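Colleague: Dropping in run-v7.cif, with mmCIF, C-alpha atoms.
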```
data_final
#
loop_
_atom_site.label_atom_id
_atom_site.label_comp_id
_atom_site.auth_asym_id
_atom_site.auth_seq_id
_atom_site.Cartn_x
_atom_site.Cartn_y
_atom_site.Cartn_z
CA MET M 1 -176.53 -159.68 138.25
CA SER M 2 -173.75 -159.26 140.83
CA LYS M 3 -172.39 -155.87 141.82
CA LYS M 4 -168.96 -154.89 140.59
CA LYS M 5 -166.38 -155.25 143.34
CA LYS M 6 -165.16 -151.93 144.69
CA GLU M 7 -161.55 -150.85 144.37
CA LYS M 8 -159.77 -150.17 147.64
CA LEU M 9 -158.68 -146.55 147.48
CA GLY M 10 -159.56 -143.52 145.36
CA ILE M 11 -158.80 -139.80 145.23
CA VAL M 12 -161.02 -136.72 145.19
CA ALA M 13 -159.57 -133.19 145.15
CA ASP M 14 -160.86 -129.67 144.94
CA SER M 15 -160.50 -128.06 141.52
CA THR M 16 -157.71 -125.70 142.57
CA CYS M 17 -155.22 -128.59 142.22
CA ASP M 18 -155.19 -127.56 138.52
CA MET M 19 -154.15 -131.06 137.45
CA ASP M 20 -154.04 -131.57 133.70
CA PRO M 21 -157.29 -133.25 132.53
CA GLU M 22 -155.30 -136.08 130.95
CA TYR M 23 -153.96 -137.08 134.36
CA LEU M 24 -157.30 -136.64 136.11
CA LYS M 25 -158.80 -139.07 133.60
CA LYS M 26 -155.90 -141.52 133.71
CA PHE M 27 -156.09 -141.91 137.50
CA ASN M 28 -159.85 -141.38 137.78
CA ILE M 29 -159.46 -138.40 140.11
CA ALA M 30 -162.72 -136.55 140.73
CA THR M 31 -162.65 -132.82 141.47
CA VAL M 32 -165.04 -130.58 143.38
CA PRO M 33 -165.29 -127.25 141.55
CA LEU M 34 -164.73 -123.92 143.25
CA LYS M 35 -166.77 -120.93 142.10
CA ILE M 36 -165.73 -118.04 139.87
CA ILE M 37 -168.14 -115.13 140.28
CA PHE M 38 -168.52 -112.40 137.65
CA GLY M 39 -171.08 -110.07 139.24
CA ASP M 40 -174.36 -112.01 139.26
CA GLU M 41 -172.90 -114.76 137.06
CA ILE M 42 -171.56 -117.81 138.91
CA LYS M 43 -169.31 -120.25 137.08
CA ASN M 44 -167.90 -123.55 138.33
CA GLN M 45 -164.23 -124.21 137.62
CA ASN M 46 -163.70 -126.94 134.99
CA VAL M 47 -167.47 -127.34 134.56
CA ASP M 48 -169.01 -124.39 132.74
CA ILE M 49 -166.01 -122.15 132.10
CA THR M 50 -162.75 -123.04 130.38
CA ASN M 51 -159.37 -121.61 131.30
CA LYS M 52 -159.23 -119.92 127.90
CA GLU M 53 -162.59 -118.21 128.36
CA TYR M 54 -161.65 -117.13 131.87
CA TYR M 55 -158.29 -115.59 130.94
CA THR M 56 -159.85 -113.86 127.93
CA ARG M 57 -162.38 -112.18 130.21
CA LEU M 58 -159.64 -111.27 132.69
CA ARG M 59 -157.48 -109.72 129.98
CA GLU M 60 -160.51 -107.74 128.74
CA GLY M 61 -160.85 -106.08 132.14
CA GLU M 62 -163.39 -108.22 134.01
CA PHE M 63 -162.39 -109.20 137.53
CA PRO M 64 -164.23 -111.99 139.33
CA SER M 65 -164.36 -113.04 142.95
CA THR M 66 -164.03 -116.68 143.97
CA GLY M 67 -165.81 -118.98 146.39
CA ALA M 68 -165.56 -122.37 148.07
CA PRO M 69 -167.84 -125.18 146.83
CA ALA M 70 -171.22 -125.59 148.46
CA PRO M 71 -171.52 -128.50 150.95
CA LYS M 72 -173.81 -130.28 148.48
CA ALA M 73 -171.01 -130.39 145.89
CA PHE M 74 -168.66 -132.12 148.33
CA LYS M 75 -171.28 -134.65 149.37
CA GLU M 76 -172.25 -135.53 145.81
CA ALA M 77 -168.62 -135.99 144.70
CA ILE M 78 -167.72 -138.17 147.68
CA ASP M 79 -170.93 -140.21 147.46
CA LYS M 80 -170.18 -140.96 143.82
CA ALA M 81 -166.56 -141.87 144.55
CA LEU M 82 -167.63 -144.24 147.33
CA GLU M 83 -169.74 -146.14 144.81
CA GLN M 84 -166.46 -147.21 143.21
CA TYR M 85 -163.98 -147.17 146.10
CA GLU M 86 -164.00 -148.55 149.63
CA GLU M 87 -162.10 -145.51 150.92
CA ILE M 88 -161.38 -141.99 149.69
CA LEU M 89 -158.54 -139.54 150.18
CA PHE M 90 -159.73 -135.95 149.73
CA PHE M 91 -157.01 -133.38 148.94
CA SER M 92 -157.77 -129.72 149.68
CA ILE M 93 -156.17 -126.36 149.03
CA GLY M 94 -154.43 -125.13 152.19
CA ASN M 95 -156.72 -124.17 155.06
CA LYS M 96 -154.88 -120.87 155.49
CA LEU M 97 -155.71 -119.92 151.91
CA SER M 98 -159.35 -120.89 151.58
CA ALA M 99 -162.51 -121.98 153.40
CA THR M 100 -162.60 -125.11 151.21
CA PHE M 101 -161.03 -127.44 153.79
CA SER M 102 -163.36 -126.16 156.51
CA VAL M 103 -166.44 -126.83 154.37
CA ALA M 104 -165.15 -130.30 153.49
CA SER M 105 -164.54 -131.02 157.18
CA MET M 106 -168.10 -130.00 158.03
CA VAL M 107 -169.48 -132.28 155.31
CA LYS M 108 -167.39 -135.22 156.45
CA LYS M 109 -168.44 -134.78 160.09
CA GLN M 110 -172.11 -134.67 159.14
CA PHE M 111 -172.30 -137.38 156.47
CA PHE M 112 -169.22 -139.63 156.39
CA ASP M 113 -167.04 -141.83 158.57
CA ASP M 114 -163.44 -143.02 158.45
CA ARG M 115 -163.88 -144.15 154.86
CA VAL M 116 -163.07 -140.54 153.98
CA THR M 117 -159.71 -139.00 154.92
CA LEU M 118 -159.29 -135.25 154.49
CA ILE M 119 -155.85 -133.90 153.64
CA ASP M 120 -154.91 -130.23 154.03
CA THR M 121 -152.10 -129.84 151.47
CA ASN M 122 -151.05 -126.50 153.00
CA THR M 123 -150.51 -125.17 149.48
CA LEU M 124 -152.39 -124.43 146.26
CA SER M 125 -152.77 -124.98 142.53
CA VAL M 126 -150.32 -127.22 140.67
CA THR M 127 -148.22 -127.49 143.84
CA MET M 128 -151.02 -129.67 145.23
CA SER M 129 -150.42 -132.04 142.34
CA LEU M 130 -146.83 -132.61 143.47
CA ILE M 131 -148.56 -134.54 146.26
CA ILE M 132 -151.63 -135.89 144.46
CA LEU M 133 -150.03 -137.28 141.30
CA PRO M 134 -147.39 -139.43 143.07
CA ALA M 135 -150.08 -140.59 145.52
CA ALA M 136 -152.27 -141.66 142.59
CA ARG M 137 -149.34 -143.52 141.05
CA MET M 138 -148.71 -145.30 144.35
CA ILE M 139 -152.35 -146.38 144.56
CA ALA M 140 -152.23 -147.66 140.97
CA LYS M 141 -149.30 -149.87 141.99
CA GLY M 142 -151.21 -151.29 144.97
CA ALA M 143 -149.98 -149.14 147.86
CA SER M 144 -152.09 -149.17 151.03
CA LYS M 145 -153.78 -146.10 152.49
CA GLU M 146 -151.21 -146.05 155.28
CA GLU M 147 -148.32 -146.08 152.82
CA VAL M 148 -149.85 -143.27 150.77
CA LEU M 149 -150.53 -141.15 153.84
CA GLU M 150 -146.98 -141.67 155.04
CA PHE M 151 -145.73 -140.34 151.69
CA VAL M 152 -148.20 -137.42 151.77
CA ASN M 153 -147.27 -136.35 155.29
CA LYS M 154 -143.55 -136.46 154.48
CA THR M 155 -143.99 -134.51 151.24
CA ILE M 156 -146.30 -131.66 152.26
CA PRO M 157 -143.69 -129.75 154.33
CA HIS M 158 -141.22 -129.80 151.44
CA THR M 159 -143.35 -128.51 148.54
CA GLN M 160 -141.96 -125.29 147.11
CA VAL M 161 -143.12 -122.51 144.78
CA PHE M 162 -141.21 -119.78 143.02
CA GLY M 163 -142.46 -117.54 140.26
CA GLY M 164 -143.23 -114.04 139.16
CA SER M 165 -146.23 -112.00 138.10
CA PRO M 166 -145.94 -109.20 135.52
CA SER M 167 -148.28 -106.92 137.47
CA LEU M 168 -149.30 -106.02 141.03
CA LYS M 169 -152.82 -105.21 139.77
CA TYR M 170 -154.39 -108.61 140.38
CA LEU M 171 -152.86 -109.02 143.82
CA HIS M 172 -154.32 -105.64 144.75
CA LYS M 173 -157.75 -106.29 143.25
CA GLY M 174 -157.91 -109.64 145.00
CA GLY M 175 -157.17 -108.04 148.37
CA ARG M 176 -153.64 -109.42 148.70
CA LEU M 177 -151.90 -106.04 148.50
CA SER M 178 -152.90 -102.77 150.17
CA ARG M 179 -153.84 -99.77 148.06
CA GLY M 180 -150.84 -97.81 149.30
CA LYS M 181 -148.33 -100.54 148.42
CA TYR M 182 -150.07 -101.08 145.09
CA LEU M 183 -149.92 -97.40 144.10
CA VAL M 184 -146.25 -97.11 145.01
CA GLY M 185 -145.38 -100.40 143.34
CA ALA M 186 -147.34 -99.59 140.18
CA ALA M 187 -145.69 -96.19 139.90
CA LEU M 188 -142.26 -97.84 140.10
CA ASN M 189 -143.32 -100.66 137.75
CA PHE M 190 -142.67 -103.34 140.36
CA GLN M 191 -143.31 -106.97 139.46
CA PRO M 192 -143.79 -109.28 142.48
CA LEU M 193 -141.90 -112.50 143.05
CA VAL M 194 -144.18 -115.17 144.49
CA THR M 195 -143.63 -118.06 146.92
CA VAL M 196 -145.68 -120.04 149.45
CA THR M 197 -144.38 -119.86 153.03
CA ASP M 198 -146.01 -121.58 156.02
CA GLY M 199 -149.11 -122.19 153.96
CA MET M 200 -149.44 -118.54 152.94
CA ILE M 201 -148.77 -116.77 149.65
CA ALA M 202 -145.78 -114.48 150.17
CA SER M 203 -143.31 -112.43 148.19
CA PRO M 204 -139.58 -112.69 148.89
CA GLY M 205 -139.15 -109.47 146.94
CA ARG M 206 -139.99 -107.63 143.76
CA VAL M 207 -138.26 -106.69 140.55
CA ARG M 208 -138.54 -103.67 138.25
CA LYS M 209 -137.53 -105.20 134.96
CA GLU M 210 -138.36 -108.48 133.28
CA GLN M 211 -134.64 -109.18 132.99
CA GLU M 212 -134.40 -109.24 136.79
CA LEU M 213 -137.18 -111.81 136.96
CA LEU M 214 -135.48 -113.91 134.29
CA ARG M 215 -132.24 -113.80 136.25
CA HIS M 216 -133.98 -115.05 139.39
CA MET M 217 -135.84 -117.74 137.47
CA ARG M 218 -132.59 -119.04 135.99
CA LYS M 219 -130.94 -119.07 139.40
CA VAL M 220 -133.85 -120.94 141.00
CA ALA M 221 -133.95 -123.45 138.12
CA ARG M 222 -130.30 -124.27 138.74
CA LYS M 223 -130.93 -124.65 142.48
CA ILE M 224 -133.93 -126.91 141.87
CA ALA M 225 -131.71 -129.21 139.83
CA GLU M 226 -129.24 -129.33 142.73
CA HIS M 227 -131.70 -129.69 145.62
CA HIS M 228 -134.86 -131.48 144.42
CA LEU M 229 -136.11 -134.37 146.56
CA SER M 230 -138.51 -135.66 143.92
CA GLU M 231 -138.06 -136.32 140.21
CA LEU M 232 -141.31 -134.44 139.47
CA VAL M 233 -141.28 -130.68 138.83
CA ILE M 234 -144.17 -128.71 137.34
CA VAL M 235 -143.91 -125.41 135.47
CA GLY M 236 -147.17 -123.60 136.15
CA HIS M 237 -148.43 -120.73 134.03
CA CYS M 238 -151.41 -118.40 133.72
CA ASP M 239 -152.25 -118.53 130.00
CA ASN M 240 -148.63 -118.36 128.85
CA LYS M 241 -147.70 -121.85 127.68
CA ALA M 242 -145.04 -120.65 125.24
CA LYS M 243 -142.94 -119.13 128.00
CA ALA M 244 -143.59 -122.12 130.26
CA GLU M 245 -142.12 -124.38 127.57
CA ILE M 246 -138.97 -122.25 127.49
CA TRP M 247 -138.50 -122.58 131.23
CA ALA M 248 -139.21 -126.30 131.17
CA GLU M 249 -136.51 -126.81 128.57
CA TYR M 250 -134.08 -124.63 130.53
CA LEU M 251 -134.61 -126.78 133.63
CA LYS M 252 -134.24 -130.03 131.70
CA LYS M 253 -130.82 -128.93 130.43
CA GLN M 254 -129.40 -128.45 133.93
CA PRO M 255 -126.95 -130.99 135.38
CA MET M 256 -128.83 -133.32 137.77
CA ALA M 257 -132.15 -132.07 136.36
CA PRO M 258 -135.30 -133.85 137.56
CA LYS M 259 -136.46 -136.65 135.30
CA GLU M 260 -140.05 -135.44 134.88
CA VAL M 261 -140.86 -131.81 134.08
CA LEU M 262 -144.53 -131.15 133.32
CA ILE M 263 -146.21 -127.98 132.06
CA TRP M 264 -149.65 -127.29 133.52
CA GLU M 265 -151.90 -124.26 133.42
CA ILE M 266 -152.92 -122.49 136.62
CA GLY M 267 -156.71 -122.30 136.66
CA PRO M 268 -159.18 -119.48 137.31
CA VAL M 269 -159.41 -119.53 141.11
CA ILE M 270 -155.70 -119.01 141.70
CA GLY M 271 -155.23 -117.16 138.40
CA THR M 272 -157.64 -114.49 139.64
CA HIS M 273 -155.11 -113.38 142.22
CA LEU M 274 -151.93 -113.79 140.16
CA GLY M 275 -153.07 -112.49 136.79
CA PRO M 276 -152.35 -113.51 133.18
CA ASP M 277 -148.78 -114.41 132.22
CA THR M 278 -147.71 -115.36 135.75
CA ILE M 279 -145.26 -118.23 135.58
CA GLY M 280 -143.29 -120.31 138.05
CA PHE M 281 -141.71 -123.57 139.18
CA VAL M 282 -143.14 -125.93 141.80
CA TRP M 283 -141.05 -128.73 143.24
CA VAL M 284 -140.34 -130.86 146.30
CA GLY M 285 -137.09 -129.91 147.98
CA GLU M 286 -135.36 -126.82 149.32
CA PHE M 287 -135.95 -123.13 148.76
CA LYS M 288 -133.91 -120.41 150.44
CA GLU M 289 -134.55 -116.71 149.98
CA GLU M 290 -130.82 -116.14 150.23
CA TRP M 291 -130.55 -117.70 146.76
CA LEU M 292 -132.13 -114.48 145.48
CA LYS M 293 -130.13 -112.07 147.65
CA ILE M 294 -133.32 -110.10 148.34
CA LYS M 295 -134.23 -109.29 151.95
CA ARG M 296 -137.76 -107.94 151.50
CA ASN M 297 -140.56 -110.27 152.54
CA LEU M 298 -144.05 -108.90 151.87
CA LYS M 299 -146.87 -111.21 152.88
CA PHE M 300 -150.10 -110.28 151.19
CA TRP M 301 -152.46 -113.26 151.33
CA LYS M 302 -154.49 -113.80 154.47
CA LYS M 303 -156.65 -116.74 155.56
CA GLY M 304 -160.12 -116.53 154.10
CA ASP M 305 -159.14 -114.17 151.29
CA THR M 306 -159.88 -116.75 148.62
CA GLU M 307 -163.62 -116.46 149.20
CA GLU M 308 -166.04 -113.60 149.44
#
```
What does this structure look like when you write it as structure tokens?
Modeller:
Amino acid sequence: MSKKKKEKLGIVADSTCDMDPEYLKKFNIATVPLKIIFGDEIKNQNVDITNKEYYTRLREGEFPSTGAPAPKAFKEAIDKALEQYEEILFFSIGNKLSATFSVASMVKKQFFDDRVTLIDTNTLSVTMSLIILPAARMIAKGASKEEVLEFVNKTIPHTQVFGGSPSLKYLHKGGRLSRGKYLVGAALNFQPLVTVTDGMIASPGRVRKEQELLRHMRKVARKIAEHHLSELVIVGHCDNKAKAEIWAEYLKKQPMAPKEVLIWEIGPVIGTHLGPDTIGFVWVGEFKEEWLKIKRNLKFWKKGDTEE
């Protein structure tokens, strides 16, 4: 019995890409799970804890830490993928945000050769999928590794994030916001705006009322329609699909709106630091803080903070 011929190029990603399971299955994208740690209880994202279970526990007052996958998990996932594909592209959460890329690099150096290409997306969560999903579609149409990497390298610098969290609590608990800033912000009922700048989570400002956040979201939605470089935009949410659907519809109604607007849930690893009900847009194109007319810029996520 002859062996099945391998396909040329496949994709593996870490689980923080938060790609909808339907798309993971459609394009046969394997994921390496990061860890969610509740005290002595260790869960693996997308393996033995669902998003629903995770957000329920978070809303009930539990607060986990998170951790990069063990080297063994990377090796097993890549070994399995190489049984089907001649070469693999591995997409990782940004190196400034997590130790995941560093662990993957160590595993590649020790066990693999040029059949495995590591890609630091310089971003996180569903924003990673702005890069991964089009790459998977290119591969499905027969694109070469060189063509896909050219697309990836051109796209990474232009991925954008804008959203808002209803509470500073989770940023503080996760070590992204100092106690002093948290106490002042909580007393004034501040809600942080969230972006990713130079591979780091940042806040271009904060609002005191939900109406202010809604105003900024509407403004950014209109700007996305005017300045997007890709027809794919994702509305990401932390256990708040109903509101995500409202924002998706708002964006679709804009003149020059992108052709594809998806709604995907932000998973436990990133959700730990943003908190339930966080919602935002991710797109490829421009973002300028001057759109918001807010001058404050509070960076609160440092390299290595994702893991214990």
Colleague: Let me know the residues the PyMOL selection byres ((chain M and resi 215) around 12) catches in the file above, as a PyMOL selection string.
Modeller: chain M and resi 163-164+193+207+209-214+216-222+247+291-293
Colleague: Since I can't run it myself right now, could you work out what the PyMOL selection byres ((chain M and resi 258-274) around 8) selects here and report it as an mmCIF file with C-alpha atoms, in the frame of the given file?
Modeller:
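Heads up, here's the output in result_21.cif:
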```
data_model
loop_
_atom_site.group_PDB
_atom_site.id
_atom_site.type_symbol
_atom_site.label_atom_id
_atom_site.label_comp_id
_atom_site.auth_asym_id
_atom_site.auth_seq_id
_atom_site.Cartn_x
_atom_site.Cartn_y
_atom_site.Cartn_z
ATOM 1 C CA THR M 16 -157.710 -125.700 142.570
ATOM 2 C CA ASP M 18 -155.190 -127.560 138.520
ATOM 3 C CA MET M 19 -154.150 -131.060 137.450
ATOM 4 C CA ASP M 20 -154.040 -131.570 133.700
ATOM 5 C CA LEU M 34 -164.730 -123.920 143.250
ATOM 6 C CA LYS M 35 -166.770 -120.930 142.100
ATOM 7 C CA ILE M 36 -165.730 -118.040 139.870
ATOM 8 C CA GLN M 45 -164.230 -124.210 137.620
ATOM 9 C CA ASN M 51 -159.370 -121.610 131.300
ATOM 10 C CA TYR M 54 -161.650 -117.130 131.870
ATOM 11 C CA TYR M 55 -158.290 -115.590 130.940
ATOM 12 C CA LEU M 58 -159.640 -111.270 132.690
ATOM 13 C CA PHE M 63 -162.390 -109.200 137.530
ATOM 14 C CA PRO M 64 -164.230 -111.990 139.330
ATOM 15 C CA SER M 65 -164.360 -113.040 142.950
ATOM 16 C CA THR M 66 -164.030 -116.680 143.970
ATOM 17 C CA LEU M 124 -152.390 -124.430 146.260
ATOM 18 C CA SER M 125 -152.770 -124.980 142.530
ATOM 19 C CA VAL M 126 -150.320 -127.220 140.670
ATOM 20 C CA SER M 165 -146.230 -112.000 138.100
ATOM 21 C CA TYR M 170 -154.390 -108.610 140.380
ATOM 22 C CA LEU M 171 -152.860 -109.020 143.820
ATOM 23 C CA LYS M 173 -157.750 -106.290 143.250
ATOM 24 C CA GLY M 174 -157.910 -109.640 145.000
ATOM 25 C CA ARG M 176 -153.640 -109.420 148.700
ATOM 26 C CA ALA M 225 -131.710 -129.210 139.830
ATOM 27 C CA HIS M 228 -134.860 -131.480 144.420
ATOM 28 C CA SER M 230 -138.510 -135.660 143.920
ATOM 29 C CA GLU M 231 -138.060 -136.320 140.210
ATOM 30 C CA LEU M 232 -141.310 -134.440 139.470
ATOM 31 C CA VAL M 233 -141.280 -130.680 138.830
ATOM 32 C CA ILE M 234 -144.170 -128.710 137.340
ATOM 33 C CA VAL M 235 -143.910 -125.410 135.470
ATOM 34 C CA GLY M 236 -147.170 -123.600 136.150
ATOM 35 C CA HIS M 237 -148.430 -120.730 134.030
ATOM 36 C CA CYS M 238 -151.410 -118.400 133.720
ATOM 37 C CA ASP M 239 -152.250 -118.530 130.000
ATOM 38 C CA LYS M 241 -147.700 -121.850 127.680
ATOM 39 C CA ALA M 244 -143.590 -122.120 130.260
ATOM 40 C CA GLU M 245 -142.120 -124.380 127.570
ATOM 41 C CA ALA M 248 -139.210 -126.300 131.170
ATOM 42 C CA LYS M 252 -134.240 -130.030 131.700
ATOM 43 C CA MET M 256 -128.830 -133.320 137.770
ATOM 44 C CA ALA M 257 -132.150 -132.070 136.360
ATOM 45 C CA GLY M 275 -153.070 -112.490 136.790
ATOM 46 C CA PRO M 276 -152.350 -113.510 133.180
ATOM 47 C CA THR M 278 -147.710 -115.360 135.750
#
```
Colleague: For the file shown, what are the residues hit by the PyMOL selection byres ((chain M and resi 283) around 6), laid out as a list of chain:residue names?
Modeller: M:Thr159, M:Gln160, M:Val233, M:Val282, M:Val284
Colleague: What's around segment 140-147 of chain M at 8 Å? Count all atoms listed in the file, leave out sequence neighbours fewer than 3 positions away in its own chain, and write the answer as number ranges by chain.
Modeller: M: 9, 27, 136-137, 150-151
Colleague: Within 10 Å of segment 83-93 of chain M, counting all atoms listed in the file, which residues qualify if same-chain residues fewer than 3 places away don't, as a VMD selection string?
Modeller: chain M and resid 4 to 17 29 to 32 74 78 to 80 96 to 102 104 113 to 125 127 to 129 131 to 132 135 145 148 to 149 199
Colleague: Please report the interatomic distance between atom CA of Gln110 of chain M and atom CA of Ala81 of chain M in Å with one decimal.
Modeller: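 Straight-line distance from atom CA of Gln110 of chain M to atom CA of Ala81 of chain M works out to 17.2 Å.
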Colleague: Could you please determine the separation between atom CA of Lys52 of chain M and atom CA of Phe38 of chain M in Å, to one decimal place?
Modeller: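 Atom CA of Phe38 of chain M lies 15.4 Å from atom CA of Lys52 of chain M.
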Colleague: Distance cut-off 9 Å, centre (-133.1, -124.5, 148.1) in file coordinates, counting all atoms listed in the file: which residues qualify? Return them as an NGL selection string.
Modeller: :M and (160 or 220 or 223-224 or 226-228 or 285-291)
Colleague: Quick one: pull the distance between atom CA of Lys72 of chain M and atom CA of Lys109 of chain M, Å, one decimal.
Modeller: 13.6 Å
Colleague: Can you write segment 225-243 of chain M from the block above with N, CA and C atoms, as a CSV table (one decimal), in the first residue's frame?
Modeller:
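Output file result_4.csv is given in full below:
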```csv
chain,number,residue,atom,x,y,z
M,225,ALA,N,-14.0,52.0,7.1
M,225,ALA,CA,-14.6,51.9,5.8
M,225,ALA,C,-13.9,52.7,4.7
M,226,GLU,N,-13.3,53.9,5.2
M,226,GLU,CA,-12.6,54.8,4.3
M,226,GLU,C,-11.2,54.4,4.0
M,227,HIS,N,-10.6,53.7,5.0
M,227,HIS,CA,-9.1,53.5,4.9
M,227,HIS,C,-8.7,52.0,4.9
M,228,HIS,N,-9.6,51.0,4.8
M,228,HIS,CA,-9.1,49.6,4.9
M,228,HIS,C,-8.3,49.2,3.6
M,229,LEU,N,-7.3,48.4,3.8
M,229,LEU,CA,-6.5,47.9,2.7
M,229,LEU,C,-6.8,46.5,2.4
M,230,SER,N,-7.7,45.9,3.2
M,230,SER,CA,-8.2,44.5,2.9
M,230,SER,C,-9.7,44.5,3.1
M,231,GLU,N,-10.3,43.5,2.4
M,231,GLU,CA,-11.8,43.4,2.4
M,231,GLU,C,-12.2,42.6,3.6
M,232,LEU,N,-11.3,42.2,4.5
M,232,LEU,CA,-11.6,41.4,5.7
M,232,LEU,C,-11.5,42.2,6.9
M,233,VAL,N,-12.5,42.3,7.7
M,233,VAL,CA,-12.5,43.0,9.0
M,233,VAL,C,-13.2,42.0,10.0
M,234,ILE,N,-12.6,41.9,11.2
M,234,ILE,CA,-13.2,41.0,12.2
M,234,ILE,C,-13.7,41.9,13.4
M,235,VAL,N,-14.9,41.6,13.9
M,235,VAL,CA,-15.3,42.2,15.1
M,235,VAL,C,-15.1,41.2,16.2
M,236,GLY,N,-14.2,41.5,17.1
M,236,GLY,CA,-13.8,40.6,18.2
M,236,GLY,C,-14.6,40.9,19.5
M,237,HIS,N,-14.9,39.9,20.2
M,237,HIS,CA,-15.7,40.2,21.5
M,237,HIS,C,-15.3,39.2,22.6
M,238,CYS,N,-15.4,39.6,23.8
M,238,CYS,CA,-15.2,38.7,25.0
M,238,CYS,C,-16.6,38.4,25.5
M,239,ASP,N,-17.2,37.3,25.0
M,239,ASP,CA,-18.5,36.8,25.5
M,239,ASP,C,-19.6,37.9,25.4
M,240,ASN,N,-19.7,38.6,24.3
M,240,ASN,CA,-20.7,39.6,24.1
M,240,ASN,C,-21.1,39.6,22.6
M,241,LYS,N,-21.6,38.5,22.1
M,241,LYS,CA,-21.8,38.4,20.7
M,241,LYS,C,-22.9,39.3,20.2
M,242,ALA,N,-23.9,39.5,21.1
M,242,ALA,CA,-25.1,40.4,20.7
M,242,ALA,C,-24.6,41.8,20.3
M,243,LYS,N,-23.7,42.3,21.1
M,243,LYS,CA,-23.2,43.7,20.8
M,243,LYS,C,-22.3,43.6,19.6
```
